[in-house]
>>> print(open('entry07.csv').read())   # CSV, C-alpha atoms
chain,number,residue,atom,x,y,z
T,1,MET,CA,95.5,73.8,95.1
T,2,LEU,CA,95.1,77.6,94.8
T,3,LEU,CA,96.5,79.0,91.6
T,4,ASN,CA,97.9,82.5,91.0
T,5,MET,CA,100.7,84.2,89.0
T,6,GLY,CA,103.2,84.7,91.8
T,7,GLY,CA,105.6,87.5,92.4
T,8,PRO,CA,109.2,88.1,93.2
T,9,GLY,CA,110.3,87.6,96.8
T,10,SER,CA,113.2,90.1,96.4
T,11,ILE,CA,114.6,92.6,94.0
T,12,PHE,CA,117.0,89.9,92.7
T,13,GLU,CA,114.1,87.6,91.6
T,14,ILE,CA,112.4,90.3,89.4
T,15,GLU,CA,114.4,89.5,86.2
T,16,SER,CA,113.7,85.8,86.2
T,17,PHE,CA,110.0,86.6,87.1
T,18,LEU,CA,109.6,88.8,84.1
T,19,LYS,CA,111.4,86.4,81.7
T,20,ARG,CA,109.0,83.6,82.8
T,21,ILE,CA,106.0,85.8,82.2
T,22,PHE,CA,107.0,86.8,78.7
T,23,ASN,CA,108.2,83.3,77.8
T,24,ASP,CA,104.6,82.1,78.4
T,25,PRO,CA,103.0,81.4,74.9
T,26,LEU,CA,99.7,82.5,76.4
T,27,ILE,CA,101.2,85.9,77.2
T,28,LEU,CA,103.3,86.4,74.1
T,29,ASN,CA,101.5,84.7,71.2
T,30,ILE,CA,104.6,83.8,69.2
T,31,LYS,CA,104.7,80.2,67.8
T,32,SER,CA,108.5,80.1,67.5
T,33,GLU,CA,109.9,79.2,70.9
T,34,PHE,CA,113.3,80.8,70.0
T,35,GLY,CA,111.6,84.0,68.8
T,36,ARG,CA,109.5,84.2,71.9
T,37,LYS,CA,112.5,83.8,74.1
T,38,MET,CA,114.4,86.5,72.3
T,39,LEU,CA,111.5,88.9,72.5
T,40,ALA,CA,111.0,88.0,76.2
T,41,ASN,CA,114.6,88.8,77.0
T,42,PHE,CA,114.3,92.1,75.1
T,43,ILE,CA,111.2,93.2,76.9
T,44,THR,CA,112.6,92.2,80.3
T,45,HIS,CA,115.8,94.2,79.6
T,46,GLN,CA,113.7,97.2,78.6
T,47,ARG,CA,111.5,97.1,81.6
T,48,LEU,CA,113.8,95.8,84.3
T,49,ASP,CA,115.1,99.0,85.9
T,50,GLU,CA,111.6,100.6,86.0
T,51,VAL,CA,110.0,97.5,87.5
T,52,LYS,CA,112.8,97.3,90.1
T,53,LYS,CA,112.1,100.9,91.1
T,54,ASN,CA,108.4,100.2,91.4
T,55,TYR,CA,109.0,97.2,93.7
T,56,GLN,CA,111.4,99.2,95.8
T,57,LEU,CA,108.5,101.5,96.5
T,58,ILE,CA,106.4,98.6,97.9
T,59,GLY,CA,109.1,97.0,100.1
T,60,GLY,CA,111.3,95.3,97.5
T,61,LYS,CA,109.0,92.3,97.0
T,62,SER,CA,105.5,91.1,96.1
T,63,PRO,CA,103.2,90.3,99.1
T,64,ILE,CA,101.3,87.7,97.0
T,65,ILE,CA,103.1,84.7,98.4
T,66,GLU,CA,102.7,85.7,102.0
T,67,HIS,CA,99.0,86.4,101.6
T,68,THR,CA,98.4,83.2,99.8
T,69,LEU,CA,100.2,81.2,102.4
T,70,LYS,CA,98.0,82.7,105.1
T,71,ILE,CA,94.9,81.8,103.1
T,72,THR,CA,95.9,78.2,102.9
T,73,GLN,CA,96.8,78.1,106.6
T,74,ARG,CA,93.3,79.4,107.4
T,75,LEU,CA,91.6,77.0,105.1
T,76,ASN,CA,93.5,74.1,106.7
T,77,GLU,CA,92.5,75.3,110.1
T,78,ILE,CA,88.8,75.4,109.2
T,79,ASP,CA,88.4,72.4,106.9
T,80,SER,CA,90.1,69.2,108.1
T,81,GLU,CA,88.5,67.2,105.3
T,82,ARG,CA,90.9,68.5,102.7
T,83,PHE,CA,94.5,69.6,102.4
T,84,TYR,CA,95.0,73.1,101.1
T,85,THR,CA,98.1,74.3,99.3
T,86,TYR,CA,99.0,76.7,96.5
T,87,ALA,CA,101.1,77.0,93.3
T,88,MET,CA,102.4,80.0,91.4
T,89,ARG,CA,102.8,80.3,87.7
T,90,TYR,CA,106.0,82.4,87.4
T,91,THR,CA,107.7,82.0,90.8
T,92,ALA,CA,108.1,79.2,93.3
T,93,PRO,CA,106.3,77.2,94.5
T,94,PHE,CA,105.7,75.9,91.0
T,95,ALA,CA,102.9,73.5,90.0
T,96,TYR,CA,105.3,70.6,89.3
T,97,ASP,CA,106.9,70.7,92.7
T,98,VAL,CA,103.6,71.1,94.6
T,99,LEU,CA,101.9,68.3,92.6
T,100,ASP,CA,104.9,66.1,93.2
T,101,ASP,CA,104.5,66.6,96.9
T,102,ILE,CA,100.8,65.9,96.7
T,103,LYS,CA,101.5,62.7,94.8
T,104,LYS,CA,104.0,61.5,97.4
T,105,GLN,CA,101.5,62.2,100.1
T,106,GLY,CA,99.1,59.7,98.4
T,107,PHE,CA,96.2,62.0,97.5
T,108,GLU,CA,93.9,60.7,94.8
T,109,SER,CA,91.8,63.8,94.2
T,110,VAL,CA,93.0,67.3,93.3
T,111,ILE,CA,90.9,70.5,92.9
T,112,LEU,CA,92.6,73.4,91.1
T,113,PHE,CA,91.1,76.7,92.4
T,114,SER,CA,91.6,80.0,90.5
T,115,MET,CA,92.6,83.0,92.5
T,116,TYR,CA,91.4,85.1,89.5
T,117,PRO,CA,87.6,85.7,89.7
T,118,GLN,CA,87.3,86.0,85.9
T,119,PHE,CA,88.3,83.4,83.4
T,120,CYS,CA,91.1,84.5,81.0
T,121,HIS,CA,93.5,82.5,78.8
T,122,SER,CA,96.5,84.6,79.9
T,123,THR,CA,95.9,84.0,83.6
T,124,ILE,CA,94.0,81.0,84.9
T,125,TYR,CA,94.0,79.0,81.7
T,126,SER,CA,97.8,79.3,81.6
T,127,SER,CA,98.0,78.0,85.2
T,128,ILE,CA,95.7,75.1,84.4
T,129,VAL,CA,97.7,74.1,81.4
T,130,ASP,CA,100.9,74.3,83.4
T,131,ALA,CA,99.3,72.1,86.2
T,132,LYS,CA,98.1,69.5,83.6
T,133,ASN,CA,101.5,69.4,82.0
T,134,ALA,CA,103.0,68.8,85.4
T,135,LEU,CA,100.6,65.9,86.2
T,136,LYS,CA,101.5,64.3,82.9
T,137,SER,CA,105.2,64.6,83.5
T,138,LEU,CA,104.7,63.2,87.0
T,139,ASP,CA,102.6,60.3,85.6
T,140,PHE,CA,100.1,61.4,88.3
T,141,HIS,CA,96.4,60.7,87.5
T,142,PRO,CA,94.2,62.0,90.3
T,143,GLN,CA,90.5,62.8,90.0
T,144,LEU,CA,90.8,66.3,88.8
T,145,ARG,CA,88.3,69.1,89.3
T,146,ILE,CA,88.8,72.7,88.3
T,147,VAL,CA,87.2,75.9,89.6
T,148,SER,CA,88.3,78.3,86.8
T,149,ASP,CA,86.1,81.3,87.6
T,150,TYR,CA,83.4,82.7,89.9
T,151,ALA,CA,83.0,86.3,88.7
T,152,THR,CA,79.2,86.3,89.5
T,153,HIS,CA,79.1,83.9,92.4
T,154,PRO,CA,77.1,85.4,95.3
T,155,ALA,CA,79.7,84.6,97.9
T,156,TYR,CA,82.4,86.4,95.9
T,157,ILE,CA,80.1,89.3,95.1
T,158,GLN,CA,79.4,89.6,98.8
T,159,CYS,CA,83.1,89.9,99.5
T,160,ALA,CA,83.5,92.6,96.8
T,161,VAL,CA,80.5,94.6,98.1
T,162,GLN,CA,81.9,94.4,101.6
T,163,LYS,CA,85.2,95.9,100.6
T,164,ILE,CA,83.4,98.7,98.7
T,165,LYS,CA,81.2,99.5,101.7
T,166,GLU,CA,84.4,99.5,104.0
T,167,SER,CA,86.0,102.1,101.6
T,168,LEU,CA,82.8,104.2,101.5
T,169,GLY,CA,82.4,104.2,105.2
T,170,ASN,CA,79.5,106.5,106.4
T,171,ASP,CA,79.7,108.8,103.4
T,172,ASN,CA,76.9,109.2,100.9
T,173,PRO,CA,77.5,106.9,97.9
T,174,GLN,CA,75.8,109.4,95.6
T,175,ASP,CA,78.8,111.7,96.2
T,176,PHE,CA,81.1,109.2,94.7
T,177,SER,CA,81.7,107.3,91.4
T,178,LEU,CA,82.8,103.7,91.7
T,179,LEU,CA,85.6,102.7,89.3
T,180,LEU,CA,86.2,98.9,88.9
T,181,SER,CA,89.7,98.5,87.6
T,182,ALA,CA,90.6,95.2,86.0
T,183,HIS,CA,93.8,94.0,84.5
T,184,SER,CA,93.8,94.7,80.7
T,185,LEU,CA,94.3,92.3,77.9
T,186,PRO,CA,95.4,92.8,74.2
T,187,LEU,CA,92.3,93.3,72.0
T,188,SER,CA,93.7,90.6,69.7
T,189,ARG,CA,93.0,88.1,72.5
T,190,ILE,CA,89.4,89.2,72.8
T,191,LYS,CA,88.9,88.9,69.0
T,192,GLN,CA,90.2,85.4,69.3
T,193,GLY,CA,87.4,84.5,71.6
T,194,ASP,CA,88.8,85.1,75.1
T,195,PRO,CA,85.7,85.6,77.4
T,196,TYR,CA,87.5,87.9,79.8
T,197,GLN,CA,85.8,91.1,78.8
T,198,ASN,CA,82.4,89.5,79.0
T,199,GLU,CA,83.3,88.1,82.5
T,200,CYS,CA,84.4,91.6,83.7
T,201,GLU,CA,81.2,93.1,82.4
T,202,ALA,CA,79.0,90.4,84.1
T,203,ASN,CA,81.1,91.0,87.3
T,204,LEU,CA,80.2,94.7,87.2
T,205,LYS,CA,76.5,94.0,86.7
T,206,ALA,CA,76.5,91.5,89.6
T,207,ILE,CA,78.2,94.0,91.9
T,208,GLN,CA,75.8,96.8,90.8
T,209,GLU,CA,72.7,94.7,91.4
T,210,SER,CA,74.0,93.6,94.9
T,211,LEU,CA,74.8,97.3,95.8
T,212,GLU,CA,71.3,98.3,94.7
T,213,GLN,CA,69.7,95.6,96.8
T,214,GLU,CA,71.4,97.2,99.8
T,215,ASN,CA,70.1,100.6,98.6
T,216,ILE,CA,73.7,101.8,97.8
T,217,HIS,CA,73.6,104.0,94.7
T,218,PHE,CA,76.8,105.5,93.4
T,219,LYS,CA,76.8,108.5,91.0
T,220,LYS,CA,78.3,106.2,88.4
T,221,ILE,CA,79.7,102.7,88.3
T,222,LEU,CA,82.5,102.5,85.7
T,223,LEU,CA,84.7,99.7,84.3
T,224,ALA,CA,88.3,100.4,83.2
T,225,TYR,CA,91.4,98.4,82.5
T,226,GLN,CA,95.0,98.8,83.9
T,227,SER,CA,98.5,97.4,83.4
T,228,LYS,CA,98.8,97.9,79.6
T,229,VAL,CA,102.3,96.9,78.3
T,230,GLY,CA,103.7,97.7,74.9
T,231,MET,CA,102.4,99.4,71.8
T,232,MET,CA,99.6,97.0,70.7
T,233,LYS,CA,95.9,97.9,71.2
T,234,TRP,CA,94.6,96.8,74.6
T,235,LEU,CA,91.2,96.5,76.1
T,236,GLY,CA,89.9,99.9,77.3
T,237,PRO,CA,89.1,102.4,78.4
T,238,SER,CA,92.2,102.5,80.5
T,239,THR,CA,92.2,103.4,84.2
T,240,GLN,CA,94.4,106.4,83.4
T,241,GLU,CA,92.0,107.7,80.7
T,242,THR,CA,89.0,107.2,83.1
T,243,LEU,CA,90.7,109.1,85.9
T,244,ASN,CA,91.3,112.0,83.4
T,245,LYS,CA,87.7,111.9,82.2
T,246,TYR,CA,86.1,111.8,85.7
T,247,LYS,CA,88.7,114.0,87.5
T,248,LYS,CA,86.0,116.2,89.0
T,249,HIS,CA,84.4,113.2,90.7
T,250,LYS,CA,85.1,111.7,94.1
T,251,LEU,CA,86.4,108.2,93.2
T,252,ILE,CA,86.5,104.8,94.9
T,253,LEU,CA,88.6,102.3,93.0
T,254,TYR,CA,87.9,98.6,93.3
T,255,PRO,CA,90.6,96.1,92.1
T,256,LEU,CA,88.2,93.9,90.0
T,257,SER,CA,90.8,91.3,88.8
T,258,PHE,CA,92.5,90.8,92.1
T,259,THR,CA,91.7,88.8,95.2
T,260,VAL,CA,95.1,89.1,96.7
T,261,ASP,CA,97.4,92.2,96.9
T,262,ASN,CA,100.2,92.4,94.4
T,263,SER,CA,102.2,95.1,92.6
T,264,GLU,CA,99.2,96.0,90.5
T,265,THR,CA,97.1,96.9,93.5
T,266,ILE,CA,99.8,98.3,95.9
T,267,TYR,CA,101.9,100.1,93.3
T,268,GLU,CA,99.6,100.9,90.4
T,269,LEU,CA,96.4,101.7,92.2
T,270,CYS,CA,97.8,103.0,95.6
T,271,ILE,CA,100.9,104.9,94.3
T,272,GLN,CA,100.9,105.4,90.6
T,273,TYR,CA,97.3,106.3,90.0
T,274,ALA,CA,97.0,108.0,93.4
T,275,ASN,CA,99.8,110.4,92.3
T,276,LEU,CA,98.0,111.0,89.0
T,277,ALA,CA,94.7,111.7,90.9
T,278,ARG,CA,96.5,114.3,93.0
T,279,GLU,CA,98.0,115.9,89.8
T,280,LEU,CA,94.6,116.0,88.2
T,281,GLY,CA,93.0,117.5,91.3
T,282,VAL,CA,90.6,114.6,91.9
T,283,PRO,CA,88.7,115.8,95.0
T,284,GLU,CA,88.8,112.3,96.7
T,285,TYR,CA,90.6,109.1,95.7
T,286,ARG,CA,90.2,105.9,97.6
T,287,VAL,CA,91.2,102.3,96.8
T,288,CYS,CA,89.4,99.3,98.2
T,289,LYS,CA,91.6,96.7,99.8
T,290,CYS,CA,92.0,93.2,98.4
T,291,PHE,CA,90.5,90.3,100.3
T,292,ASN,CA,93.8,88.6,101.2
T,293,ASP,CA,93.1,86.3,104.2
T,294,ASP,CA,89.8,88.0,105.3
T,295,GLU,CA,87.5,85.5,106.9
T,296,MET,CA,84.6,86.3,104.5
T,297,PHE,CA,86.9,85.4,101.5
T,298,ILE,CA,88.0,82.2,103.2
T,299,GLN,CA,84.4,81.2,103.7
T,300,ALA,CA,83.6,82.1,100.1
T,301,ILE,CA,86.4,79.8,98.8
T,302,LEU,CA,85.0,77.0,100.9
T,303,ARG,CA,81.4,77.6,99.7
T,304,ILE,CA,82.5,77.8,96.0
T,305,ILE,CA,84.5,74.5,96.3
T,306,SER,CA,81.7,72.7,98.1
T,307,GLU,CA,79.1,73.8,95.5
T,308,HIS,CA,81.5,72.8,92.7
T,309,ILE,CA,81.9,69.3,94.1
T,310,GLN,CA,78.1,68.9,94.7
T,311,ASP,CA,77.5,70.0,91.1
T,312,SER,CA,80.1,67.4,89.9
T,313,HIS,CA,78.3,64.7,91.8
T,314,SER,CA,74.9,65.7,90.5
T,315,HIS,CA,76.1,65.7,86.9
T,316,LYS,CA,77.5,62.2,87.4
T,317,SER,CA,74.3,60.9,88.8
T,318,GLU,CA,72.3,62.4,85.9
T,319,VAL,CA,74.6,60.6,83.5
>>> encode(input="entry07.csv", output="structure tokens")
Amino acid sequence: MLLNMGGPGSIFEIESFLKRIFNDPLILNIKSEFGRKMLANFITHQRLDEVKKNYQLIGGKSPIIEHTLKITQRLNEIDSERFYTYAMRYTAPFAYDVLDDIKKQGFESVILFSMYPQFCHSTIYSSIVDAKNALKSLDFHPQLRIVSDYATHPAYIQCAVQKIKESLGNDNPQDFSLLLSAHSLPLSRIKQGDPYQNECEANLKAIQESLEQENIHFKKILLAYQSKVGMMKWLGPSTQETLNKYKKHKLILYPLSFTVDNSETIYELCIQYANLARELGVPEYRVCKCFNDDEMFIQAILRIISEHIQDSHSHKSEV
């Protein structure tokens, strides 16, 4: 079961999508459920018109469901030993409904697979908790395995490097700086022990080493963070600040936190920051595509799952 955050299927679903996000205690760290609900409603009201305008610029909906469906279809075509499906955290199909269907089909083993390469409590951990709560509510007790991150796995790194090479084309990498743009996180979360920043930095190192092995040397490889919301302090430097700082460089942006296209890749990177780059006079601005249902990513998922199962078996035999 592939896990991701989901996205609105139309302009009319945006309000409920935002409310679900901000009602998540792992997004808004407020103990009082009533207080969190009130603040979630306030934030949604404040942001709704702007978010609707942004979605209208990318076709009125998120492409995340369509891409994820295609991924599961390809996985089911290639691997007949397992049944592949998906669940979203904040839009349908929800974990409860998907797991209810899995239970009714008589499956005795479930693998939860993160569509986020880096572990973060606000993303994949929230989806895992949601799935576990659904299993409890359904009184469903399958053998459960969890692939929660793979930020440095060679198969994933190969996919990332391939997208960077596609964006570079036949040009000289030393003429460009490579900017890895990851979704940001409040600094308070990092101080509480969330490993996300460390995972992003390890991800950068693995990509850089792989590029160097192929004799691809960029002028600079940078890490920045996008999608800040609100007035609190967030993980930085921000993608916007980095664009300003390196505005004289030719830039290739790689969407580090995302395996599937969504508003943060299509709107923020390809529209919002592309417009900023033009205003700043950036000599060249390119955005690497997400994997979506690329064959290389499909094979990477299969490899990561197979290795995870093998590791689980070996640990059991050692015990």
>>> atom_distance(input="entry07.csv", atom1="atom CA of T:Asn29", atom2="atom CA of T:Met88")
20.8 Å
>>> atom_distance(input="entry07.csv", atom1="atom CA of T:His45", atom2="atom CA of T:Asn133")
28.7 Å
>>> atom_distance(input="entry07.csv", atom1="atom CA of T:Ala40", atom2="atom CA of T:Ile128")
21.6 Å
>>> residues_around(input="entry07.csv", residues="stretch 99-110 of chain T", least_positions_apart="6", cutoff="6 Å", atoms="only C-alpha atoms", output="list in words")
Pro142, Gln143 and Leu144 of chain T
>>> write_last_selection(input="entry07.csv", atoms="C-alpha atoms", output="PDB file, keeping the file's coordinate frame")
ATOM      1  CA  PRO T 142      94.200  62.000  90.300  1.00  0.00           C
ATOM      2  CA  GLN T 143      90.500  62.800  90.000  1.00  0.00           C
ATOM      3  CA  LEU T 144      90.800  66.300  88.800  1.00  0.00           C
TER       4      LEU T 144
END
>>> closest_residue(input="entry07.csv", among="T:Leu187, T:Ile221, T:Cys290, T:Ile164", to="T:Asn262", atoms="all atoms listed in the file")
T:Cys290
>>> closest_residue(input="entry07.csv", among="T:Glu15, T:Glu284, T:Glu66, T:Asp149", to="T:Phe42", atoms="all atoms listed in the file")
T:Glu15
>>> closest_residue(input="entry07.csv", among="T:Lys61, T:Lys247, T:His153, T:Lys31", to="T:Phe12", atoms="all atoms listed in the file")
T:Lys61
>>> closest_residue(input="entry07.csv", among="T:Met1, T:Ala224, T:Ile43, T:Leu235", to="T:Phe113", atoms="only C-alpha atoms")
T:Met1
>>> closest_residue(input="entry07.csv", among="T:Ile111, T:Cys120, T:Met5, T:Leu48", to="T:Ile65", atoms="only C-alpha atoms")
T:Met5
>>> residues_around(input="entry07.csv", residues="stretch 73-80 of chain T", least_positions_apart="4", cutoff="9 Å", atoms="all atoms listed in the file", output="list in words")
Thr68, Leu69, Tyr84, Thr85, Asp293, Glu295, Ile298, Gln299, Ile301 and Leu302 of chain T
>>> residues_around(input="entry07.csv", residues="T:Tyr150", least_positions_apart="2", cutoff="8 Å", atoms="all atoms listed in the file", output="list in words")
Pro117, Gln118, Val147, Ser148, Thr152, His153, Tyr156 and Ile304 of chain T
>>> residues_around(input="entry07.csv", residues="T:Tyr273", least_positions_apart="3", cutoff="10 Å", atoms="all atoms listed in the file", output="PyMOL selection string")
chain T and resi 226+239-240+243+267-270+276-279+285+287
>>> closest_residue(input="entry07.csv", among="T:Ile216, T:Ile207, T:Leu178, T:Leu280", to="T:Ile252", atoms="all atoms listed in the file")
T:Leu178
>>> residues_around(input="entry07.csv", residues="T:Ile266", least_positions_apart="5", cutoff="7 Å", atoms="all atoms listed in the file", output="ChimeraX atom specification")
/T:58,261,271
>>> decode(input="entry07.csv", residues="stretch 156-181 of chain T", atoms="N, CA and C atoms", output="tab-separated table (two decimals), in the first residue's frame")
chain	number	residue	atom	x	y	z
T	156	TYR	N	16.95	4.39	-5.56
T	156	TYR	CA	16.33	5.71	-5.54
T	156	TYR	C	17.31	6.78	-6.02
T	157	ILE	N	18.54	6.70	-5.58
T	157	ILE	CA	19.56	7.66	-5.99
T	157	ILE	C	19.77	7.60	-7.50
T	158	GLN	N	19.76	6.40	-8.08
T	158	GLN	CA	19.89	6.26	-9.53
T	158	GLN	C	18.76	7.00	-10.26
T	159	CYS	N	17.54	6.90	-9.70
T	159	CYS	CA	16.39	7.60	-10.30
T	159	CYS	C	16.61	9.12	-10.25
T	160	ALA	N	17.07	9.61	-9.10
T	160	ALA	CA	17.30	11.04	-8.94
T	160	ALA	C	18.37	11.54	-9.91
T	161	VAL	N	19.48	10.80	-9.98
T	161	VAL	CA	20.58	11.19	-10.87
T	161	VAL	C	20.12	11.19	-12.33
T	162	GLN	N	19.30	10.22	-12.70
T	162	GLN	CA	18.80	10.15	-14.07
T	162	GLN	C	17.98	11.39	-14.42
T	163	LYS	N	17.13	11.84	-13.50
T	163	LYS	CA	16.32	13.04	-13.75
T	163	LYS	C	17.19	14.29	-13.86
T	164	ILE	N	18.23	14.34	-13.04
T	164	ILE	CA	19.16	15.47	-13.10
T	164	ILE	C	19.90	15.47	-14.44
T	165	LYS	N	20.33	14.30	-14.89
T	165	LYS	CA	21.03	14.18	-16.18
T	165	LYS	C	20.10	14.56	-17.34
T	166	GLU	N	18.82	14.16	-17.26
T	166	GLU	CA	17.86	14.51	-18.31
T	166	GLU	C	17.70	16.03	-18.40
T	167	SER	N	17.66	16.69	-17.25
T	167	SER	CA	17.50	18.14	-17.23
T	167	SER	C	18.76	18.85	-17.73
T	168	LEU	N	19.91	18.28	-17.42
T	168	LEU	CA	21.19	18.85	-17.86
T	168	LEU	C	21.37	18.70	-19.37
T	169	GLY	N	20.93	17.57	-19.91
T	169	GLY	CA	21.11	17.31	-21.34
T	169	GLY	C	22.58	17.20	-21.69
T	170	ASN	N	22.97	17.79	-22.80
T	170	ASN	CA	24.36	17.74	-23.26
T	170	ASN	C	25.19	18.92	-22.79
T	171	ASP	N	24.64	19.74	-21.91
T	171	ASP	CA	25.36	20.92	-21.44
T	171	ASP	C	26.42	20.56	-20.40
T	172	ASN	N	27.35	21.45	-20.21
T	172	ASN	CA	28.44	21.26	-19.26
T	172	ASN	C	27.93	21.49	-17.84
T	173	PRO	N	28.00	20.48	-16.95
T	173	PRO	CA	27.49	20.66	-15.59
T	173	PRO	C	28.21	21.76	-14.81
T	174	GLN	N	29.48	22.05	-15.19
T	174	GLN	CA	30.22	23.08	-14.48
T	174	GLN	C	29.71	24.49	-14.79
T	175	ASP	N	28.82	24.59	-15.77
T	175	ASP	CA	28.17	25.87	-16.06
T	175	ASP	C	26.94	26.10	-15.18
T	176	PHE	N	26.53	25.07	-14.42
T	176	PHE	CA	25.29	25.11	-13.64
T	176	PHE	C	25.55	24.85	-12.16
T	177	SER	N	24.68	25.41	-11.32
T	177	SER	CA	24.58	25.00	-9.93
T	177	SER	C	23.32	24.15	-9.79
T	178	LEU	N	23.40	23.08	-9.02
T	178	LEU	CA	22.27	22.18	-8.79
T	178	LEU	C	21.67	22.51	-7.43
T	179	LEU	N	20.39	22.87	-7.43
T	179	LEU	CA	19.69	23.22	-6.20
T	179	LEU	C	18.67	22.14	-5.86
T	180	LEU	N	18.89	21.44	-4.77
T	180	LEU	CA	17.95	20.43	-4.29
T	180	LEU	C	16.95	21.13	-3.39
T	181	SER	N	15.69	21.15	-3.80
T	181	SER	CA	14.65	21.85	-3.06
T	181	SER	C	13.74	20.84	-2.35
